[in-house]
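K.L.:
Pasting in a structure now, in structure tokens, and then I'll have a few things to ask.
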Amino acid sequence: MPENSNYAVAIDGPAASGKSTVARRLAERLGLIMINTGAMYRAIAWATIQRDIDASDTAAVLAMLDDIEVTCGVNDGTSTILIDGSDPGEALRADDVNSRVSAVAAIPEVRHLLVEKQREYLDLGSLVMEGRDIGSVVFPDTPYKIYIDASEEVRLARRSAEGLTDVVSKRDEEDSKRKTSPLVVAEGATVIDSSEMNIDEVVDAAMETLREQGLNI
Ligand code: DC
């Protein structure tokens with residue numbers, strides 16, 4: 001843990017498990033900064049599209065990384081990311097980003113760059129950070145770790161209710177099989193299966209879990 005008293009709540013889980021909504025609600029309730037790390041990997045995937053780079057061509061992606069400016073910040077209590085000063089906005093959720101992001105996220109150098117930026121956020125205040133490797137790699141020493149799960153059927157239904165056609169199972173398979181920082185249940189994390197729960201119930205279960213993990217709330 002860092003020398004200051006800021007702490008991180010790690011929320012990990014597969015695509016469309018509800019972790020973003022839960023993380024946002026927890027951050028609001030606890031007055032913490034909410035960091036969406038998926039948006040950071042998505043922004044790199046978006047940049048490959050802007051530059052017409054094959055996301056599976058590691059050398060080309062690395063050359064691009066050397067050439068772009070990735071600026072992470074916070075606005076209104078939530079993380080922001082700019083690529084060369086531009087905010088990709090809603091384009092981060094588009095199908096072409098969905099289909100490339102796992103390839104980009106499997107590149108160790110991409111992860112190294114983004115994990116450093118994720119850790120730097122702790123200088124700004126206490127955080128709720130959501131992703132795939134927050135409890136296992138980014139903040140392995142935090143005592144506050146939750147893994148939000150849901151059945152594949154429920155996750156697909158949630159995405160399509162949002163009007164999105166994200167092939168979550170394919171991304172999850174790629175994210176779980178990659179060599180560097182795969183999606184895992186981190187040591188010390190409590191798993192909450194949200195398949196049969198509404199969002200209020202998941203947030204309540206997460207709050208209870210954090211109390212059990214020793215957070216004074
Ligand atoms: O949370 P999300 O679906 O927006 O994440 C998009 C992709 O980014 C996901 O398929 C895997 C990758 N990712 C990652 O590898 N590590 C993280 N901490 C967050 C996301």
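If you're wondering about the labels, chains in the structure tokens are A, B, ... by order shown, residues count from 1 in each chain, ligands from 1 in order shown.
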Can I get the residues of region 62-159 of chain A within 12 Å of region 166-176 of chain A, each with the closest pair of atoms and their distance in Å to one decimal, using only C-alpha atoms, sorted chain first then ascending number, as a tab-separated table?

P.N.:
```
residue	atom	partner	partner_atom	distance
A:Arg93	CA	A:Asp166	CA	8.9
A:Ala94	CA	A:Asp166	CA	8.6
A:Asp95	CA	A:Asp166	CA	6.6
A:Asp96	CA	A:Asp166	CA	9.9
A:Val97	CA	A:Asp166	CA	9.9
A:Asn98	CA	A:Asp166	CA	6.6
A:Ser99	CA	A:Arg171	CA	7.8
A:Arg100	CA	A:Arg171	CA	9.3
A:Val101	CA	A:Arg171	CA	8.3
A:Ser102	CA	A:Asp175	CA	6.2
A:Ala103	CA	A:Glu174	CA	7.9
A:Val104	CA	A:Asp175	CA	10.5
A:Ala105	CA	A:Asp175	CA	7.9
A:Ala106	CA	A:Asp175	CA	7.5
A:Ile107	CA	A:Asp175	CA	11.3
A:Gly131	CA	A:Asp175	CA	11.0
A:Arg132	CA	A:Asp175	CA	8.2
A:Asp133	CA	A:Asp175	CA	10.1
A:Asp149	CA	A:Asp172	CA	11.7
A:Ala150	CA	A:Val168	CA	11.7
A:Ser151	CA	A:Ser169	CA	10.3
A:Glu152	CA	A:Ser169	CA	7.0
A:Glu153	CA	A:Ser169	CA	9.6
A:Val154	CA	A:Val168	CA	10.8
A:Arg155	CA	A:Val168	CA	7.5
A:Leu156	CA	A:Val168	CA	6.8
A:Ala157	CA	A:Val168	CA	10.4
A:Arg158	CA	A:Asp166	CA	10.2
A:Arg159	CA	A:Asp166	CA	6.7
```

K.L.:
How would you write, as a PyMOL selection string, the set of residues in chain A that DSSP gives as helix (DSSP H, G or I)?

P.N.:
chain A and resi 19-30+37-50+58-67+89-93+95-105+108-123+134-138+152-161+168-177+199-212

K.L.:
Restricting the calculation to only C-alpha atoms and all ligand atoms: of A:Ile33, A:Ala23, A:Tyr41, A:Asn6, which residue gets closest to ligand 1?

P.N.:
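Of A:Ile33, A:Ala23, A:Tyr41, A:Asn6, the one nearest ligand 1, counting only C-alpha atoms and all ligand atoms, is A:Tyr41.
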
K.L.:
Looking at A:Cys72, A:Ala8, A:Leu164, A:Met129, which one is nearest to ligand 1, with distances taken over only C-alpha atoms and all ligand atoms?

P.N.:
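Closest to ligand 1 of all the choices is A:Met129.
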
K.L.:
Using only C-alpha atoms, which residues sit within 10 Å of region 195-209 of chain A once same-chain residues fewer than 4 positions away are excluded, as an MDAnalysis selection string?

P.N.:
chainID A and resid 11 17:19 21:26 29:30 144:155 189:191 213:215 217

K.L.:
Would you mind exporting the chosen residues as a short mmCIF file (atom, residue, chain, number, x, y, z; two decimals), in the first residue's frame, restricted to N, CA, C and O atoms?

P.N.:
```cif
data_model
loop_
_atom_site.label_atom_id
_atom_site.label_comp_id
_atom_site.auth_asym_id
_atom_site.auth_seq_id
_atom_site.Cartn_x
_atom_site.Cartn_y
_atom_site.Cartn_z
N ILE A 11 -12.60 -4.01 -8.17
CA ILE A 11 -13.79 -4.72 -8.66
C ILE A 11 -13.41 -5.37 -9.99
O ILE A 11 -13.17 -4.67 -10.98
N SER A 17 -20.79 -8.27 -16.54
CA SER A 17 -21.18 -8.88 -15.27
C SER A 17 -21.89 -7.87 -14.38
O SER A 17 -22.43 -8.23 -13.33
N GLY A 18 -21.88 -6.61 -14.79
CA GLY A 18 -22.50 -5.55 -13.99
C GLY A 18 -21.48 -4.80 -13.16
O GLY A 18 -21.83 -3.92 -12.38
N LYS A 19 -20.20 -5.12 -13.35
CA LYS A 19 -19.20 -4.52 -12.46
C LYS A 19 -19.07 -3.00 -12.60
O LYS A 19 -18.84 -2.31 -11.62
N THR A 21 -21.47 -0.80 -13.31
CA THR A 21 -22.58 -0.16 -12.59
C THR A 21 -22.36 -0.25 -11.09
O THR A 21 -22.54 0.73 -10.36
N VAL A 22 -21.94 -1.42 -10.64
CA VAL A 22 -21.70 -1.59 -9.20
C VAL A 22 -20.57 -0.67 -8.75
O VAL A 22 -20.67 0.00 -7.72
N ALA A 23 -19.50 -0.62 -9.53
CA ALA A 23 -18.35 0.22 -9.16
C ALA A 23 -18.79 1.69 -9.08
O ALA A 23 -18.43 2.41 -8.16
N ARG A 24 -19.59 2.12 -10.06
CA ARG A 24 -20.04 3.51 -10.07
C ARG A 24 -20.90 3.81 -8.84
O ARG A 24 -20.73 4.83 -8.17
N ARG A 25 -21.81 2.88 -8.53
CA ARG A 25 -22.70 3.11 -7.37
C ARG A 25 -21.91 3.08 -6.06
O ARG A 25 -22.19 3.87 -5.15
N LEU A 26 -20.94 2.17 -5.97
CA LEU A 26 -20.11 2.13 -4.75
C LEU A 26 -19.33 3.43 -4.59
O LEU A 26 -19.25 3.99 -3.50
N ARG A 29 -21.64 6.11 -3.34
CA ARG A 29 -22.01 5.94 -1.92
C ARG A 29 -20.84 6.25 -0.99
O ARG A 29 -21.04 6.81 0.08
N LEU A 30 -19.64 5.88 -1.41
CA LEU A 30 -18.48 6.01 -0.52
C LEU A 30 -17.71 7.31 -0.75
O LEU A 30 -16.76 7.61 -0.04
N TYR A 144 -9.41 -4.91 -0.10
CA TYR A 144 -10.80 -4.73 -0.56
C TYR A 144 -10.93 -5.20 -2.00
O TYR A 144 -10.62 -4.47 -2.95
N LYS A 145 -11.35 -6.45 -2.16
CA LYS A 145 -11.39 -7.07 -3.49
C LYS A 145 -12.70 -7.80 -3.70
O LYS A 145 -13.05 -8.68 -2.89
N ILE A 146 -13.37 -7.46 -4.78
CA ILE A 146 -14.63 -8.13 -5.12
C ILE A 146 -14.56 -8.60 -6.57
O ILE A 146 -14.05 -7.87 -7.44
N TYR A 147 -15.04 -9.80 -6.81
CA TYR A 147 -15.15 -10.34 -8.17
C TYR A 147 -16.64 -10.52 -8.46
O TYR A 147 -17.31 -11.29 -7.79
N ILE A 148 -17.15 -9.74 -9.42
CA ILE A 148 -18.57 -9.83 -9.76
C ILE A 148 -18.73 -10.78 -10.94
O ILE A 148 -18.14 -10.53 -12.01
N ASP A 149 -19.52 -11.80 -10.75
CA ASP A 149 -19.73 -12.78 -11.82
C ASP A 149 -21.21 -12.78 -12.21
O ASP A 149 -22.05 -12.20 -11.51
N ALA A 150 -21.51 -13.40 -13.35
CA ALA A 150 -22.90 -13.64 -13.76
C ALA A 150 -22.84 -14.70 -14.85
O ALA A 150 -21.82 -14.80 -15.55
N SER A 151 -23.92 -15.46 -15.01
CA SER A 151 -23.90 -16.51 -16.04
C SER A 151 -23.78 -15.87 -17.42
O SER A 151 -24.15 -14.71 -17.62
N GLU A 152 -23.28 -16.66 -18.37
CA GLU A 152 -23.10 -16.13 -19.72
C GLU A 152 -24.44 -15.68 -20.31
O GLU A 152 -24.52 -14.63 -20.97
N GLU A 153 -25.47 -16.45 -20.05
CA GLU A 153 -26.81 -16.12 -20.57
C GLU A 153 -27.25 -14.73 -20.07
O GLU A 153 -27.71 -13.89 -20.84
N VAL A 154 -27.09 -14.52 -18.79
CA VAL A 154 -27.50 -13.24 -18.19
C VAL A 154 -26.65 -12.10 -18.75
O VAL A 154 -27.15 -11.02 -19.08
N ARG A 155 -25.37 -12.33 -18.93
CA ARG A 155 -24.49 -11.27 -19.43
C ARG A 155 -24.83 -10.88 -20.87
O ARG A 155 -24.85 -9.70 -21.20
N ALA A 189 -10.10 -12.28 -2.97
CA ALA A 189 -11.33 -11.63 -3.46
C ALA A 189 -12.56 -12.43 -3.05
O ALA A 189 -12.51 -13.66 -2.95
N THR A 190 -13.64 -11.72 -2.82
CA THR A 190 -14.93 -12.36 -2.56
C THR A 190 -15.74 -12.34 -3.85
O THR A 190 -15.86 -11.29 -4.49
N VAL A 191 -16.26 -13.50 -4.24
CA VAL A 191 -17.05 -13.59 -5.47
C VAL A 191 -18.52 -13.31 -5.16
O VAL A 191 -19.08 -13.89 -4.22
N GLN A 213 -14.49 -7.20 4.80
CA GLN A 213 -13.06 -7.14 4.47
C GLN A 213 -12.34 -6.06 5.29
O GLN A 213 -11.16 -5.84 5.11
N GLY A 214 -13.11 -5.38 6.17
CA GLY A 214 -12.48 -4.46 7.12
C GLY A 214 -12.59 -3.00 6.78
O GLY A 214 -12.02 -2.16 7.47
N LEU A 215 -13.33 -2.67 5.71
CA LEU A 215 -13.48 -1.25 5.38
C LEU A 215 -14.48 -0.63 6.35
O LEU A 215 -15.56 -1.17 6.58
N ILE A 217 -17.09 1.42 6.90
CA ILE A 217 -18.14 2.19 6.22
C ILE A 217 -19.50 1.92 6.86
O ILE A 217 -19.68 0.94 7.54
#
```

K.L.:
Given only C-alpha atoms and all ligand atoms as the basis, pick out the residue of A:Ala27, A:Ile44, A:Leu124, A:Val74 nearest to ligand 1.

P.N.:
A:Ile44

K.L.:
A:Asn36, A:Ser5, A:Thr58, A:Ser126: which is nearest ligand 1, counting only C-alpha atoms and all ligand atoms?

P.N.:
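Closest to ligand 1, using only C-alpha atoms and all ligand atoms: A:Asn36.
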
K.L.:
Tell me, which residues of chain A carry DSSP strand (DSSP E), written as JSON, numbers by chain?

P.N.:
{"A": [8, 9, 10, 11, 12, 33, 34, 35, 36, 70, 71, 72, 73, 74, 75, 78, 79, 80, 81, 82, 83, 127, 128, 129, 130, 131, 145, 146, 147, 148, 149, 190, 191, 192, 193]}

K.L.:
For those residues, write N, CA and C atoms to a file as a short mmCIF file (atom, residue, chain, number, x, y, z; two decimals), in the first residue's frame.

P.N.:
```
data_model
loop_
_atom_site.label_atom_id
_atom_site.label_comp_id
_atom_site.auth_asym_id
_atom_site.auth_seq_id
_atom_site.Cartn_x
_atom_site.Cartn_y
_atom_site.Cartn_z
N ALA A 8 -7.59 1.53 -2.42
CA ALA A 8 -8.31 1.15 -3.64
C ALA A 8 -9.25 -0.01 -3.35
N VAL A 9 -10.47 0.11 -3.85
CA VAL A 9 -11.41 -1.01 -3.86
C VAL A 9 -11.32 -1.62 -5.26
N ALA A 10 -10.95 -2.89 -5.33
CA ALA A 10 -10.78 -3.56 -6.63
C ALA A 10 -12.05 -4.32 -6.99
N ILE A 11 -12.60 -4.01 -8.17
CA ILE A 11 -13.79 -4.72 -8.66
C ILE A 11 -13.41 -5.37 -9.99
N ASP A 12 -13.34 -6.68 -10.00
CA ASP A 12 -13.02 -7.40 -11.24
C ASP A 12 -14.18 -8.29 -11.65
N ILE A 33 -13.29 8.08 -6.00
CA ILE A 33 -13.14 8.28 -7.44
C ILE A 33 -13.33 6.94 -8.14
N MET A 34 -14.09 6.96 -9.22
CA MET A 34 -14.38 5.73 -9.97
C MET A 34 -13.46 5.65 -11.19
N ILE A 35 -12.72 4.55 -11.29
CA ILE A 35 -11.79 4.39 -12.42
C ILE A 35 -12.21 3.19 -13.26
N ASN A 36 -12.51 3.46 -14.52
CA ASN A 36 -12.91 2.42 -15.47
C ASN A 36 -11.69 2.05 -16.32
N VAL A 70 -1.13 9.50 -24.27
CA VAL A 70 -2.28 8.95 -23.55
C VAL A 70 -2.41 9.74 -22.25
N THR A 71 -3.50 10.49 -22.12
CA THR A 71 -3.65 11.36 -20.95
C THR A 71 -4.82 10.88 -20.10
N CYS A 72 -4.51 10.47 -18.88
CA CYS A 72 -5.56 9.99 -17.98
C CYS A 72 -5.87 11.07 -16.96
N GLY A 73 -7.13 11.28 -16.69
CA GLY A 73 -7.53 12.29 -15.72
C GLY A 73 -8.80 11.88 -15.01
N VAL A 74 -9.40 12.86 -14.34
CA VAL A 74 -10.66 12.63 -13.63
C VAL A 74 -11.56 13.82 -13.90
N ASN A 75 -12.82 13.54 -14.20
CA ASN A 75 -13.80 14.61 -14.37
C ASN A 75 -15.06 14.19 -13.63
N THR A 78 -15.01 10.73 -12.03
CA THR A 78 -14.86 9.53 -12.88
C THR A 78 -13.64 9.69 -13.79
N SER A 79 -12.98 8.56 -14.06
CA SER A 79 -11.78 8.63 -14.90
C SER A 79 -12.11 9.06 -16.33
N THR A 80 -11.14 9.74 -16.93
CA THR A 80 -11.26 10.16 -18.33
C THR A 80 -9.98 9.74 -19.05
N ILE A 81 -10.06 9.58 -20.36
CA ILE A 81 -8.85 9.27 -21.13
C ILE A 81 -8.89 9.99 -22.47
N LEU A 82 -7.78 10.62 -22.78
CA LEU A 82 -7.63 11.31 -24.06
C LEU A 82 -6.50 10.67 -24.85
N ILE A 83 -6.68 10.55 -26.15
CA ILE A 83 -5.61 10.09 -27.04
C ILE A 83 -5.23 11.29 -27.91
N LEU A 127 -10.01 5.13 -4.31
CA LEU A 127 -10.58 4.75 -5.60
C LEU A 127 -11.48 3.53 -5.51
N VAL A 128 -12.45 3.48 -6.40
CA VAL A 128 -13.07 2.21 -6.77
C VAL A 128 -12.59 1.99 -8.20
N MET A 129 -11.83 0.92 -8.42
CA MET A 129 -11.29 0.68 -9.76
C MET A 129 -11.82 -0.64 -10.29
N GLU A 130 -12.37 -0.59 -11.50
CA GLU A 130 -12.93 -1.83 -12.06
C GLU A 130 -12.19 -2.27 -13.30
N GLY A 131 -12.06 -3.61 -13.44
CA GLY A 131 -11.35 -4.16 -14.59
C GLY A 131 -11.30 -5.67 -14.57
N LYS A 145 -11.35 -6.45 -2.16
CA LYS A 145 -11.39 -7.07 -3.49
C LYS A 145 -12.70 -7.80 -3.70
N ILE A 146 -13.37 -7.46 -4.78
CA ILE A 146 -14.63 -8.13 -5.12
C ILE A 146 -14.56 -8.60 -6.57
N TYR A 147 -15.04 -9.80 -6.81
CA TYR A 147 -15.15 -10.34 -8.17
C TYR A 147 -16.64 -10.52 -8.46
N ILE A 148 -17.15 -9.74 -9.42
CA ILE A 148 -18.57 -9.83 -9.76
C ILE A 148 -18.73 -10.78 -10.94
N ASP A 149 -19.52 -11.80 -10.75
CA ASP A 149 -19.73 -12.78 -11.82
C ASP A 149 -21.21 -12.78 -12.21
N THR A 190 -13.64 -11.72 -2.82
CA THR A 190 -14.93 -12.36 -2.56
C THR A 190 -15.74 -12.34 -3.85
N VAL A 191 -16.26 -13.50 -4.24
CA VAL A 191 -17.05 -13.59 -5.47
C VAL A 191 -18.52 -13.31 -5.16
N ILE A 192 -19.12 -12.41 -5.93
CA ILE A 192 -20.56 -12.17 -5.85
C ILE A 192 -21.16 -12.57 -7.18
N ASP A 193 -22.04 -13.58 -7.18
CA ASP A 193 -22.71 -14.00 -8.42
C ASP A 193 -23.99 -13.18 -8.56
#
```

K.L.:
Between A:Ile53, A:Val115, A:Leu210, A:Ile68, single out the one closest to ligand 1, counting only C-alpha atoms and all ligand atoms.

P.N.:
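Among A:Ile53, A:Val115, A:Leu210, A:Ile68, it is A:Val115 that comes nearest to ligand 1.
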
K.L.:
Mind pulling up the distance from CA of Glu109 (chain A) to CA of Asp52 (chain A)?

P.N.:
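That distance, rounded to one decimal, is 19.6 Å.
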